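Structure file work_18.txt with compact mmCIF, C-alpha atoms:
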# COMPACT_ATOMS: atom_id res chain seq x y z
CA MET A 275 -20.49 -9.26 -9.29
CA PRO A 276 -20.18 -6.87 -12.27
CA ILE A 277 -17.07 -6.94 -14.44
CA LEU A 278 -14.51 -4.57 -12.94
CA PRO A 279 -12.87 -1.85 -15.06
CA ASP A 280 -9.29 -2.24 -16.25
CA PHE A 281 -6.85 -1.79 -13.39
CA ARG A 282 -5.02 1.23 -14.80
CA LEU A 283 -1.83 0.77 -12.80
CA GLU A 284 -1.42 -2.90 -13.69
CA THR A 285 -2.31 -2.28 -17.34
CA TYR A 286 0.37 0.41 -17.48
CA PHE A 287 2.87 -1.82 -15.68
CA SER A 288 2.16 -4.71 -18.02
CA ARG A 289 3.57 -2.53 -20.79
CA TRP A 290 6.55 -1.03 -18.99
CA GLU A 291 7.39 -2.59 -15.59
CA PHE A 292 9.77 -5.24 -16.87
CA SER A 293 10.85 -3.57 -20.10
CA ALA A 294 11.78 -0.07 -18.91
CA ARG A 295 15.45 0.23 -18.03
CA PHE A 296 14.83 2.18 -14.83
CA HIS A 297 11.84 1.50 -12.57
CA LEU A 298 11.66 4.77 -10.67
CA THR A 299 8.06 4.40 -9.53
CA ALA A 300 8.26 1.09 -7.63
CA SER A 301 5.79 0.85 -4.76
CA ASP A 302 7.80 -1.64 -2.70
CA ALA A 303 10.98 -1.52 -0.69
CA GLN A 304 14.06 -3.23 -2.13
CA SER A 305 13.64 -6.99 -2.30
CA MET A 306 16.31 -9.56 -1.47
CA PRO A 307 17.37 -12.99 -2.73
CA VAL A 308 15.99 -16.08 -0.99
CA SER A 309 19.50 -16.94 0.19
CA GLU A 310 19.74 -13.62 2.03
CA LEU A 311 16.35 -14.11 3.66
CA LEU A 312 17.21 -17.68 4.68
CA ALA A 313 20.38 -16.39 6.31
CA LEU A 314 18.11 -14.52 8.74
CA ALA A 315 16.22 -17.68 9.76
CA ASP A 316 16.29 -18.95 13.32
CA ASP A 317 16.71 -22.68 13.96
CA ASP A 318 12.98 -23.34 13.85
CA GLY A 319 12.54 -21.41 10.61
CA ARG A 320 15.44 -23.22 8.96
CA GLU A 321 14.11 -26.62 10.00
CA ARG A 322 10.61 -25.74 8.76
CA TRP A 323 12.07 -24.73 5.40
CA GLU A 324 14.27 -27.78 4.95
CA SER A 325 11.56 -30.25 5.97
CA LEU A 326 8.68 -28.54 4.17
CA ALA A 327 6.19 -30.83 2.44
CA LEU A 328 4.47 -29.25 -0.54
CA GLY A 329 0.91 -30.03 0.43
CA TYR A 330 -2.13 -27.83 0.96
CA THR A 331 -2.01 -25.36 3.83
CA GLU A 332 -4.63 -24.12 6.28
CA THR A 333 -7.06 -21.58 4.81
CA ARG A 334 -6.51 -19.13 7.66
CA GLY A 335 -2.76 -19.44 7.37
CA LEU A 336 0.05 -21.36 9.00
CA PRO A 337 -0.55 -21.14 12.78
CA ALA A 338 3.04 -20.14 13.49
CA LEU A 339 2.78 -17.39 10.87
CA ARG A 340 -0.44 -16.07 12.37
CA GLU A 341 1.21 -16.07 15.79
CA GLU A 342 4.09 -14.00 14.42
CA ILE A 343 1.73 -11.62 12.63
CA ALA A 344 -0.19 -11.12 15.89
CA ARG A 345 3.07 -10.08 17.56
CA THR A 346 3.19 -7.05 15.26
CA TYR A 347 0.04 -5.77 17.01
CA ASP A 348 -0.61 -4.66 20.59
CA VAL A 349 -4.06 -6.21 21.17
CA VAL A 350 -4.64 -8.59 18.26
CA VAL A 351 -4.12 -12.32 18.93
CA PRO A 352 -3.48 -15.11 16.39
CA GLU A 353 -7.17 -16.02 16.23
CA ASP A 354 -7.83 -12.47 14.94
CA VAL A 355 -5.66 -12.99 11.84
CA LEU A 356 -6.54 -14.41 8.41
CA CYS A 357 -3.89 -14.73 5.69
CA PHE A 358 -4.40 -14.05 1.98
CA ALA A 359 -2.53 -14.28 -1.31
CA GLY A 360 -1.20 -10.73 -1.13
CA ALA A 361 -3.19 -7.63 -0.26
CA GLU A 362 -5.34 -7.46 -3.41
CA GLU A 363 -7.22 -10.68 -2.61
CA ALA A 364 -7.87 -9.33 0.88
CA ILE A 365 -9.28 -6.04 -0.45
CA LEU A 366 -11.53 -7.82 -2.93
CA LEU A 367 -12.97 -10.27 -0.43
CA ALA A 368 -13.28 -7.76 2.41
CA MET A 369 -15.39 -5.41 0.30
CA GLN A 370 -17.57 -8.31 -0.88
CA VAL A 371 -18.08 -9.48 2.71
CA LEU A 372 -18.65 -6.06 4.27
CA LEU A 373 -20.84 -4.44 1.61
CA GLU A 374 -24.13 -5.27 -0.10
CA PRO A 375 -26.27 -3.49 -2.70
CA GLY A 376 -28.10 -0.70 -0.90
CA ASP A 377 -25.14 0.03 1.37
CA HIS A 378 -22.85 3.05 1.21
CA ALA A 379 -19.08 3.38 1.64
CA VAL A 380 -16.65 6.27 2.01
CA VAL A 381 -13.23 6.08 0.37
CA LEU A 382 -10.32 8.52 0.46
CA THR A 383 -8.80 9.88 -2.76
CA PRO A 384 -6.32 9.69 -4.38
CA ASN A 385 -6.05 5.99 -3.77
CA TYR A 386 -4.99 2.55 -4.91
CA GLN A 387 -7.63 1.95 -7.57
CA ALA A 388 -9.08 -1.23 -6.04
CA ALA A 389 -10.01 0.76 -2.94
CA GLU A 390 -12.79 2.46 -4.91
CA THR A 391 -13.58 0.30 -7.95
CA ILE A 392 -14.38 -2.80 -5.90
CA PRO A 393 -16.87 -1.10 -3.55
CA LEU A 394 -18.27 0.84 -6.53
CA SER A 395 -19.12 -2.49 -8.15
CA ILE A 396 -21.27 -3.31 -5.12
CA CYS A 397 -22.89 -0.15 -3.78
CA GLU A 398 -22.83 3.65 -3.67
CA VAL A 399 -19.51 5.22 -2.70
CA THR A 400 -18.55 8.76 -1.72
CA GLY A 401 -15.01 10.04 -2.05
CA VAL A 402 -13.25 12.32 0.42
CA VAL A 403 -10.10 14.04 -0.84
CA LEU A 404 -6.81 14.30 0.95
CA ARG A 405 -6.00 18.02 0.79
CA ALA A 406 -2.95 18.52 -1.44
CA GLU A 407 -2.72 22.18 -0.41
CA ASP A 408 -2.35 21.10 3.23
CA ASP A 409 0.29 18.36 2.91
CA TRP A 410 -2.37 15.82 1.90
CA ALA A 411 -4.16 16.24 5.22
CA LEU A 412 -7.02 13.97 6.28
CA ASP A 413 -10.19 15.95 6.97
CA VAL A 414 -12.23 13.98 9.50
CA ASP A 415 -15.01 16.57 9.36
CA ALA A 416 -15.31 15.92 5.62
CA VAL A 417 -15.52 12.19 6.29
CA GLU A 418 -18.26 12.79 8.85
CA LYS A 419 -20.24 14.95 6.41
CA ALA A 420 -20.00 12.17 3.80
CA LEU A 421 -21.57 9.58 6.12
CA ARG A 422 -25.13 8.38 5.56
CA PRO A 423 -27.48 6.24 7.64
CA ASN A 424 -26.55 3.27 5.42
CA THR A 425 -22.78 3.83 5.49
CA ARG A 426 -21.17 0.52 6.34
CA VAL A 427 -17.47 1.06 5.55
CA VAL A 428 -14.90 3.85 5.63
CA SER A 429 -11.79 2.81 3.68
CA VAL A 430 -8.42 4.50 4.25
CA ASN A 431 -4.75 3.89 3.46
CA PHE A 432 -1.91 5.30 5.60
CA PRO A 433 0.93 5.80 4.89
CA ASN A 434 -0.92 6.68 1.71
CA ASN A 435 -0.28 5.43 -1.79
CA PRO A 436 0.46 7.53 -3.84
CA THR A 437 0.98 10.62 -1.68
CA GLY A 438 3.05 9.30 1.23
CA ALA A 439 0.69 11.11 3.63
CA VAL A 440 0.35 10.14 7.30
CA PRO A 441 -2.18 11.89 9.58
CA ASP A 442 -1.22 13.04 13.04
CA LEU A 443 -2.19 10.81 15.95
CA ASP A 444 -5.11 12.96 17.14
CA THR A 445 -6.66 13.02 13.66
CA TRP A 446 -6.24 9.27 13.29
CA GLN A 447 -7.81 8.54 16.66
CA SER A 448 -10.67 10.90 15.84
CA LEU A 449 -11.41 8.93 12.67
CA VAL A 450 -11.40 5.64 14.57
CA ARG A 451 -13.75 7.05 17.21
CA LEU A 452 -16.07 8.46 14.55
CA CYS A 453 -16.43 5.06 12.90
CA ASP A 454 -16.93 3.25 16.20
CA ASP A 455 -19.51 5.79 17.42
CA ARG A 456 -21.52 5.36 14.20
CA GLY A 457 -21.21 1.56 14.10
CA ILE A 458 -19.19 1.77 10.86
CA THR A 459 -16.39 -0.61 9.93
CA LEU A 460 -13.05 1.11 9.36
CA PHE A 461 -11.03 -0.70 6.69
CA SER A 462 -7.43 0.41 7.17
CA ASP A 463 -4.79 -0.41 4.55
CA GLU A 464 -1.53 -0.27 6.52
CA VAL A 465 0.85 -1.92 4.04
CA TYR A 466 3.49 0.84 4.31
CA ARG A 467 3.50 0.96 8.09
CA GLY A 468 7.02 0.75 9.47
CA LEU A 469 8.73 2.94 6.85
CA GLU A 470 8.15 6.24 8.68
CA LEU A 471 11.43 8.10 9.23
CA ASP A 472 10.64 11.20 11.29
CA ARG A 473 7.56 10.11 13.21
CA PRO A 474 6.34 7.00 15.03
CA SER A 475 4.03 4.62 13.22
CA LEU A 476 0.34 5.15 13.88
CA PRO A 477 -1.42 2.61 16.12
CA GLN A 478 -3.03 -0.03 13.96
CA ALA A 479 -6.78 0.19 13.49
CA ALA A 480 -7.45 -3.38 14.64
CA ASP A 481 -5.73 -2.57 17.94
CA LEU A 482 -7.76 0.60 18.45
CA SER A 483 -11.19 -0.72 17.45
CA PRO A 484 -12.90 -4.08 18.05
CA ARG A 485 -14.63 -3.85 14.66
CA ALA A 486 -11.91 -2.34 12.41
CA LEU A 487 -9.96 -4.33 9.82
CA SER A 488 -6.21 -3.80 9.43
CA LEU A 489 -4.67 -4.88 6.13
CA ASN A 490 -0.98 -5.65 5.76
CA VAL A 491 1.31 -7.61 3.45
CA MET A 492 4.90 -8.75 3.09
CA SER A 493 5.18 -6.82 -0.20
CA LYS A 494 5.66 -3.16 0.68
CA ALA A 495 7.40 -2.19 3.92
CA TYR A 496 9.03 -5.63 4.24
CA GLY A 497 10.15 -5.67 0.60
CA LEU A 498 9.11 -9.27 -0.13
CA PRO A 499 6.38 -8.96 -2.79
CA GLY A 500 7.23 -12.24 -4.49
CA LEU A 501 5.94 -14.16 -1.48
CA ARG A 502 2.35 -13.00 -2.11
CA ILE A 503 1.50 -13.19 1.58
CA GLY A 504 -0.89 -10.67 3.09
CA TRP A 505 -3.35 -10.65 5.97
CA ILE A 506 -6.28 -8.99 7.64
CA ALA A 507 -6.40 -8.53 11.40
CA CYS A 508 -9.84 -8.05 12.96
CA ARG A 509 -11.13 -8.75 16.45
CA ASP A 510 -14.65 -9.39 15.16
CA ARG A 511 -14.37 -13.17 14.66
CA SER A 512 -17.67 -13.31 12.75
CA VAL A 513 -16.14 -11.12 10.04
CA LEU A 514 -13.10 -13.41 9.86
CA ASP A 515 -15.40 -16.43 9.54
CA ARG A 516 -17.13 -14.83 6.57
CA LEU A 517 -13.79 -13.88 5.03
CA GLU A 518 -12.56 -17.46 5.39
CA ARG A 519 -15.63 -18.77 3.55
CA ALA A 520 -15.11 -16.18 0.81
CA LYS A 521 -11.47 -17.24 0.45
CA HIS A 522 -12.67 -20.77 -0.34
CA TYR A 523 -13.73 -19.36 -3.72
CA THR A 524 -10.38 -17.70 -4.53
CA SER A 525 -6.95 -18.92 -3.43
CA ILE A 526 -8.37 -21.42 -0.85
CA CYS A 527 -4.99 -21.45 0.90
CA ASN A 528 -1.60 -19.82 0.64
CA SER A 529 1.62 -21.16 -0.88
CA ALA A 530 3.40 -23.38 1.66
CA PRO A 531 6.93 -22.16 0.76
CA SER A 532 5.77 -18.55 0.89
CA GLU A 533 4.30 -19.01 4.35
CA ILE A 534 7.59 -20.33 5.73
CA LEU A 535 9.59 -17.56 4.08
CA ALA A 536 7.11 -14.98 5.40
CA LEU A 537 7.49 -16.47 8.89
CA ILE A 538 11.26 -16.14 8.61
CA GLY A 539 10.90 -12.56 7.39
CA LEU A 540 8.51 -11.54 10.15
CA ARG A 541 10.73 -13.04 12.82
CA ALA A 542 13.49 -10.85 11.37
CA ARG A 543 11.15 -7.86 10.92
CA ASP A 544 13.26 -5.45 12.95
CA HIS A 545 16.20 -6.14 10.64
CA LEU A 546 14.08 -5.88 7.47
CA LEU A 547 12.38 -2.65 8.47
CA GLU A 548 15.62 -1.05 9.65
CA ARG A 549 17.26 -2.03 6.36
CA ASN A 550 14.41 -0.63 4.28
CA ARG A 551 14.12 2.58 6.27
CA GLY A 552 17.86 2.98 5.72
CA ILE A 553 17.39 2.67 1.96
CA VAL A 554 14.67 5.34 2.00
CA ALA A 555 16.77 7.61 4.22
CA ALA A 556 19.77 7.27 1.91
CA ASN A 557 17.68 7.89 -1.21
CA LEU A 558 15.78 10.98 -0.12
CA PRO A 559 18.77 13.39 -0.30
CA VAL A 560 19.45 12.09 -3.82
CA PHE A 561 15.91 12.99 -4.85
CA ASP A 562 16.16 16.31 -2.99
CA GLU A 563 19.20 17.22 -5.06
CA PHE A 564 17.63 16.17 -8.34
CA PHE A 565 14.40 18.12 -7.88
CA ALA A 566 16.27 21.16 -6.56
CA ARG A 567 18.05 21.38 -9.94
CA PHE A 568 14.74 21.94 -11.73
CA PRO A 569 12.58 24.21 -9.54
CA GLU A 570 10.81 25.56 -12.60
CA LEU A 571 9.63 22.04 -13.50
CA PHE A 572 8.86 20.29 -10.21
CA GLU A 573 7.36 20.78 -6.77
CA TRP A 574 8.83 18.06 -4.56
CA GLN A 575 7.78 17.00 -1.10
CA ARG A 576 9.26 14.06 0.79
CA PRO A 577 6.82 11.33 1.82
CA GLN A 578 5.71 11.50 5.44
CA GLY A 579 5.78 7.70 5.50
CA GLY A 580 6.15 4.75 3.17
CA CYS A 581 8.29 4.67 0.04
CA VAL A 582 6.13 6.43 -2.56
CA CYS A 583 5.23 10.07 -3.07
CA PHE A 584 3.41 12.31 -5.54
CA PRO A 585 5.46 15.29 -6.81
CA ARG A 586 3.98 17.96 -9.04
CA TYR A 587 5.10 18.60 -12.63
CA LEU A 588 4.98 22.22 -13.82
CA GLY A 589 6.21 21.80 -17.40
CA PRO A 590 4.13 23.15 -20.31
CA ASP A 591 3.90 19.72 -21.98
CA GLY A 592 1.94 18.28 -19.06
CA VAL A 593 2.66 15.30 -16.86
CA GLU A 594 1.12 12.67 -19.15
CA ALA A 595 3.35 13.65 -22.07
CA MET A 596 6.40 13.98 -19.83
CA CYS A 597 5.98 10.49 -18.38
CA ALA A 598 5.27 8.91 -21.78
CA ASP A 599 8.25 10.56 -23.47
CA LEU A 600 10.59 9.90 -20.54
CA VAL A 601 10.04 6.15 -20.52
CA ASP A 602 10.03 5.90 -24.31
CA GLN A 603 13.15 8.00 -24.89
CA ALA A 604 15.20 7.53 -21.70
CA GLY A 605 13.82 4.28 -20.26
CA VAL A 606 12.81 5.90 -16.94
CA LEU A 607 9.42 4.71 -15.70
CA LEU A 608 7.09 6.95 -13.67
CA LEU A 609 3.33 6.76 -13.06
CA PRO A 610 1.40 9.80 -14.34
CA SER A 611 -1.56 11.25 -12.49
CA SER A 612 -4.11 9.63 -14.80
CA ILE A 613 -3.31 6.30 -13.13
CA TYR A 614 -4.75 7.82 -9.95
CA SER A 615 -7.82 9.47 -11.43
CA SER A 616 -11.03 8.81 -9.53
CA GLU A 617 -14.70 8.38 -10.32
CA LEU A 618 -15.49 9.80 -6.89
CA THR A 619 -13.71 13.17 -6.74
CA GLU A 620 -11.49 15.42 -8.74
CA THR A 621 -7.85 14.39 -8.41
CA PRO A 622 -4.68 16.26 -9.38
CA THR A 623 -3.80 16.13 -13.08
CA ASP A 624 -0.24 17.41 -12.70
CA ARG A 625 1.28 14.79 -10.40
CA PHE A 626 3.32 11.63 -10.86
CA ARG A 627 4.32 8.81 -8.51
CA VAL A 628 7.93 8.26 -7.54
CA GLY A 629 9.25 5.30 -5.54
CA VAL A 630 12.09 5.96 -3.09
CA GLY A 631 12.54 2.50 -1.57
CA ARG A 632 14.93 0.75 -3.96
CA TYR A 633 18.68 0.78 -4.30
CA GLY A 634 20.50 3.00 -6.76
CA PRO A 635 18.15 5.74 -7.99
CA ALA A 636 21.07 7.98 -8.93
CA GLU A 637 21.64 6.37 -12.33
CA ALA A 638 17.98 6.73 -13.29
CA LEU A 639 17.99 10.35 -12.10
CA ASP A 640 21.13 10.99 -14.16
CA HIS A 641 19.35 9.72 -17.29
CA TRP A 642 16.32 11.82 -16.41
CA THR A 643 18.57 14.86 -15.97
CA THR A 644 20.24 14.32 -19.34
CA TRP A 645 16.87 13.91 -21.00
CA LEU A 646 15.55 17.13 -19.45
CA GLU A 647 18.64 19.11 -20.40
CA LYS A 648 18.43 18.00 -24.03
CA ARG A 649 14.84 19.08 -24.50
Please express the file's structure as structure tokens.
Amino acid sequence: MPILPDFRLETYFSRWEFSARFHLTASDAQSMPVSELLALADDDGRERWESLALGYTETRGLPALREEIARTYDVVVPEDVLCFAGAEEAILLAMQVLLEPGDHAVVLTPNYQAAETIPLSICEVTGVVLRAEDDWALDVDAVEKALRPNTRVVSVNFPNNPTGAVPDLDTWQSLVRLCDDRGITLFSDEVYRGLELDRPSLPQAADLSPRALSLNVMSKAYGLPGLRIGWIACRDRSVLDRLERAKHYTSICNSAPSEILALIGLRARDHLLERNRGIVAANLPVFDEFFARFPELFEWQRPQGGCVCFPRYLGPDGVEAMCADLVDQAGVLLLPSSIYSSELTETPTDRFRVGVGRYGPAEALDHWTTWLEKR
């Protein structure tokens, strides 16, 4: 496999994520201490934690954890689930398993960089843009036009990072049908599912299609990124078998403590998701008020789902300079649009990512306000 390009987001975060005073671009919901998570444990979860032996675990994941993951789906059963060390390992191995040189893939833009750079390292890839002028709408006709006889994968992410976009149900089902009718595997990154406020969550791809892959993780909607527990659900067992063999070359198995804590979290998922939706709901009016104070500088749109969104910056200095000066001078970290540039399509150059899923954004917004007013 060729050497992959620098992961722009992680390179940027390595400089600022833990040194900036205010992390206003976080992609995850508010985390919690282990003690708070353990307080949610049922008797079985508590006993598993207290008696845990720190040995190797099963490559596919703790059976009880896979059972609990399967309960988050309508059709998927535990045998359709394979656990990974976070979502990134799952993306890497899925693209290596599903694609070969000579194949073709379709990927939406803007996107989480790995969604395009990994398939690009293997085969030809065509990008299809979410339409910013139409609330980041998914154009299924554009996806269909991008398909080729050798298209093997269509890769999507909803709720979308960085835009917060969520397609309507008819559009989503049309995309699933298109892929199934053409014998194409739909790879669906669903890591923000469950943080929608004003609409129901979309049905998961692995429930709708016998060949689709649904990706999820404890990091985003559940707010437990330190566990590094993700999974793929797929009803095509032959694909899971190949993924398991690929995992033997990476993490081999997951962390035993993380699996138990993830099990506890998933058994308390209604509580976690309600808590995290509440944080987003409480934060959005705070962001509404901030952006309304500076209509000449910003175009703001609430995310349709998830806890990230992609406002527009209208200032004459440009978004790259604004983000660089803001973190350097006021300690407020944002992600400029260059982090989401694409080799596949043009992407907006005047946007920046904001995270709305963590406690206490008001102080950061106050510092941002002061900084803007002094310029």
Legend entry - Nearest to Ala300 (chain A) by atom-to-atom distance, counting all atoms listed in the file, from A:Phe561, A:Phe572, A:Trp642, A:Phe287: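 Checking each of A:Phe561, A:Phe572, A:Trp642, A:Phe287 against Ala300 (chain A), counting all atoms listed in the file, the winner is A:Phe287.
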Legend entry - Shell of 10 Å around region 445-462 of chain A, only C-alpha atoms, local chain residues under 4 positions omitted, as a PyMOL selection string: chain A and resi 365+368-369+372+379-381+389+411-415+417-418+421-432+440-441+476-480+482-490+506-508
Could those residues be written to a file, using C-alpha atoms, as a short mmCIF file (atom, residue, chain, number, x, y, z; two decimals), in the frame of the given file?
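The file below, selection07.cif, is the result:
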data_model
loop_
_atom_site.label_atom_id
_atom_site.label_comp_id
_atom_site.auth_asym_id
_atom_site.auth_seq_id
_atom_site.Cartn_x
_atom_site.Cartn_y
_atom_site.Cartn_z
CA ILE A 365 -9.28 -6.04 -0.45
CA ALA A 368 -13.28 -7.76 2.41
CA MET A 369 -15.39 -5.41 0.30
CA LEU A 372 -18.65 -6.06 4.27
CA ALA A 379 -19.08 3.38 1.64
CA VAL A 380 -16.65 6.27 2.01
CA VAL A 381 -13.23 6.08 0.37
CA ALA A 389 -10.01 0.76 -2.94
CA ALA A 411 -4.16 16.24 5.22
CA LEU A 412 -7.02 13.97 6.28
CA ASP A 413 -10.19 15.95 6.97
CA VAL A 414 -12.23 13.98 9.50
CA ASP A 415 -15.01 16.57 9.36
CA VAL A 417 -15.52 12.19 6.29
CA GLU A 418 -18.26 12.79 8.85
CA LEU A 421 -21.57 9.58 6.12
CA ARG A 422 -25.13 8.38 5.56
CA PRO A 423 -27.48 6.24 7.64
CA ASN A 424 -26.55 3.27 5.42
CA THR A 425 -22.78 3.83 5.49
CA ARG A 426 -21.17 0.52 6.34
CA VAL A 427 -17.47 1.06 5.55
CA VAL A 428 -14.90 3.85 5.63
CA SER A 429 -11.79 2.81 3.68
CA VAL A 430 -8.42 4.50 4.25
CA ASN A 431 -4.75 3.89 3.46
CA PHE A 432 -1.91 5.30 5.60
CA VAL A 440 0.35 10.14 7.30
CA PRO A 441 -2.18 11.89 9.58
CA LEU A 476 0.34 5.15 13.88
CA PRO A 477 -1.42 2.61 16.12
CA GLN A 478 -3.03 -0.03 13.96
CA ALA A 479 -6.78 0.19 13.49
CA ALA A 480 -7.45 -3.38 14.64
CA LEU A 482 -7.76 0.60 18.45
CA SER A 483 -11.19 -0.72 17.45
CA PRO A 484 -12.90 -4.08 18.05
CA ARG A 485 -14.63 -3.85 14.66
CA ALA A 486 -11.91 -2.34 12.41
CA LEU A 487 -9.96 -4.33 9.82
CA SER A 488 -6.21 -3.80 9.43
CA LEU A 489 -4.67 -4.88 6.13
CA ASN A 490 -0.98 -5.65 5.76
CA ILE A 506 -6.28 -8.99 7.64
CA ALA A 507 -6.40 -8.53 11.40
CA CYS A 508 -9.84 -8.05 12.96
#
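Nearest to Cys581 (chain A) of all the residues A:Ala327, A:Leu646, A:Leu471, A:Val349 is A:Leu471, based on all atoms listed in the file.
Distances here use only C-alpha atoms; by that measure, the residue among A:Tyr330, A:Phe281, A:Phe564, A:Trp505 closest to Ala636 (chain A) is A:Phe564.
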Legend entry - Point-to-point distance from CA of Asp544 (chain A) to CA of Leu501 (chain A), Å rounded to tenths: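 CA of Asp544 (chain A) sits 18.4 Å away from CA of Leu501 (chain A).
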Inset, instruction - Give the answer as one residue: which of A:Asn550, A:Asn385, A:Ser293, A:Thr623 has the shortest atom-to-atom distance to Pro433 (chain A), using all atoms listed in the file? - result: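 Among A:Asn550, A:Asn385, A:Ser293, A:Thr623, it is A:Asn385 that comes nearest to Pro433 (chain A).
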Inset, instruction - Quick one: pull the distance between CA of Arg632 (chain A) and CA of Gln304 (chain A), Å, one decimal. - result: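 Between CA of Arg632 (chain A) and CA of Gln304 (chain A) the gap is 4.5 Å.
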Inset, instruction - Rank A:Thr391, A:Ser616, A:Ser529, A:Thr331 by their smallest atom-to-atom distance to Leu278 (chain A), using all atoms listed in the file, and report the top residue only. - result: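 Residue with the minimum atom-to-atom distance to Leu278 (chain A): A:Thr391.
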Inset, instruction - State, in Å with one decimal place, the distance from CA of Cys397 (chain A) to CA of Glu374 (chain A). - result: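 Computing it gives 6.4 Å between the two atoms.
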Legend entry - Residue nearest Leu540 (chain A) among A:Val601, A:Ala338, A:Leu356, A:Leu558 (counting all atoms listed in the file):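 The answer is A:Ala338, which sits nearest to Leu540 (chain A).
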Around all listed atoms of region 451-460 of chain A, padded 4 Å per side, what centre and edge lengths does the axis-aligned box have in Å to one decimal, as AutoDock Vina command-line options?
--center_x -17.3 --center_y 3.9 --center_z 13.4 --size_x 16.5 --size_y 17.1 --size_z 16.1
Inset, instruction - Could you pull out every residue with an atom within 8 Å of (-8.2, -15.2, 8.7), file coordinates, counting all atoms listed in the file, and send them as a list in words? - result: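 Neighbouring residues, ordered by chain and number, come to Thr333, Arg334, Gly335, Glu353, Asp354, Val355, Leu356, Cys357, Phe358, Trp505, Ile506, Ala507, Leu514, Asp515, Leu517 and Glu518 of chain A.
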Residues within 12 Å of Phe292 (chain A), please, as an mmCIF file with C-alpha atoms, in the coordinates of the input. Count only C-alpha atoms; anything in the same chain fewer than 4 positions from it doesn't count.
data_model
loop_
_atom_site.group_PDB
_atom_site.id
_atom_site.type_symbol
_atom_site.label_atom_id
_atom_site.label_comp_id
_atom_site.auth_asym_id
_atom_site.auth_seq_id
_atom_site.Cartn_x
_atom_site.Cartn_y
_atom_site.Cartn_z
ATOM 1 C CA GLU A 284 -1.420 -2.900 -13.690
ATOM 2 C CA TYR A 286 0.370 0.410 -17.480
ATOM 3 C CA PHE A 287 2.870 -1.820 -15.680
ATOM 4 C CA SER A 288 2.160 -4.710 -18.020
ATOM 5 C CA PHE A 296 14.830 2.180 -14.830
ATOM 6 C CA HIS A 297 11.840 1.500 -12.570
ATOM 7 C CA LEU A 298 11.660 4.770 -10.670
ATOM 8 C CA ALA A 300 8.260 1.090 -7.630
ATOM 9 C CA VAL A 601 10.040 6.150 -20.520
ATOM 10 C CA GLY A 605 13.820 4.280 -20.260
ATOM 11 C CA VAL A 606 12.810 5.900 -16.940
ATOM 12 C CA LEU A 607 9.420 4.710 -15.700
#
Coordinates of region 367-376 of chain A, N, CA, C and O atoms, as a short mmCIF file (atom, residue, chain, number, x, y, z; two decimals), in the first residue's frame:
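Now in part.cif:
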data_model
loop_
_atom_site.label_atom_id
_atom_site.label_comp_id
_atom_site.auth_asym_id
_atom_site.auth_seq_id
_atom_site.Cartn_x
_atom_site.Cartn_y
_atom_site.Cartn_z
N LEU A 367 -9.27 -0.67 7.03
CA LEU A 367 -9.35 -2.08 6.66
C LEU A 367 -10.52 -2.35 5.71
O LEU A 367 -10.40 -3.18 4.80
N ALA A 368 -11.62 -1.64 5.89
CA ALA A 368 -12.76 -1.85 4.98
C ALA A 368 -12.39 -1.48 3.55
O ALA A 368 -12.71 -2.21 2.60
N MET A 369 -11.72 -0.35 3.38
CA MET A 369 -11.35 0.05 2.01
C MET A 369 -10.34 -0.92 1.41
O MET A 369 -10.38 -1.24 0.22
N GLN A 370 -9.42 -1.44 2.24
CA GLN A 370 -8.45 -2.41 1.73
C GLN A 370 -9.11 -3.73 1.36
O GLN A 370 -8.69 -4.40 0.41
N VAL A 371 -10.15 -4.10 2.08
CA VAL A 371 -10.85 -5.36 1.81
C VAL A 371 -11.80 -5.22 0.61
O VAL A 371 -11.92 -6.14 -0.21
N LEU A 372 -12.45 -4.08 0.49
CA LEU A 372 -13.49 -3.91 -0.53
C LEU A 372 -12.95 -3.50 -1.89
O LEU A 372 -13.63 -3.72 -2.90
N LEU A 373 -11.76 -2.89 -1.92
CA LEU A 373 -11.26 -2.30 -3.16
C LEU A 373 -9.94 -2.93 -3.58
O LEU A 373 -9.12 -3.32 -2.73
N GLU A 374 -9.72 -2.98 -4.89
CA GLU A 374 -8.47 -3.46 -5.46
C GLU A 374 -8.06 -2.50 -6.58
O GLU A 374 -8.90 -1.76 -7.12
N PRO A 375 -6.78 -2.51 -6.97
CA PRO A 375 -6.39 -1.74 -8.14
C PRO A 375 -7.24 -2.15 -9.35
O PRO A 375 -7.52 -3.32 -9.56
N GLY A 376 -7.67 -1.16 -10.10
CA GLY A 376 -8.57 -1.43 -11.22
C GLY A 376 -10.02 -1.20 -10.88
O GLY A 376 -10.88 -1.13 -11.78
#
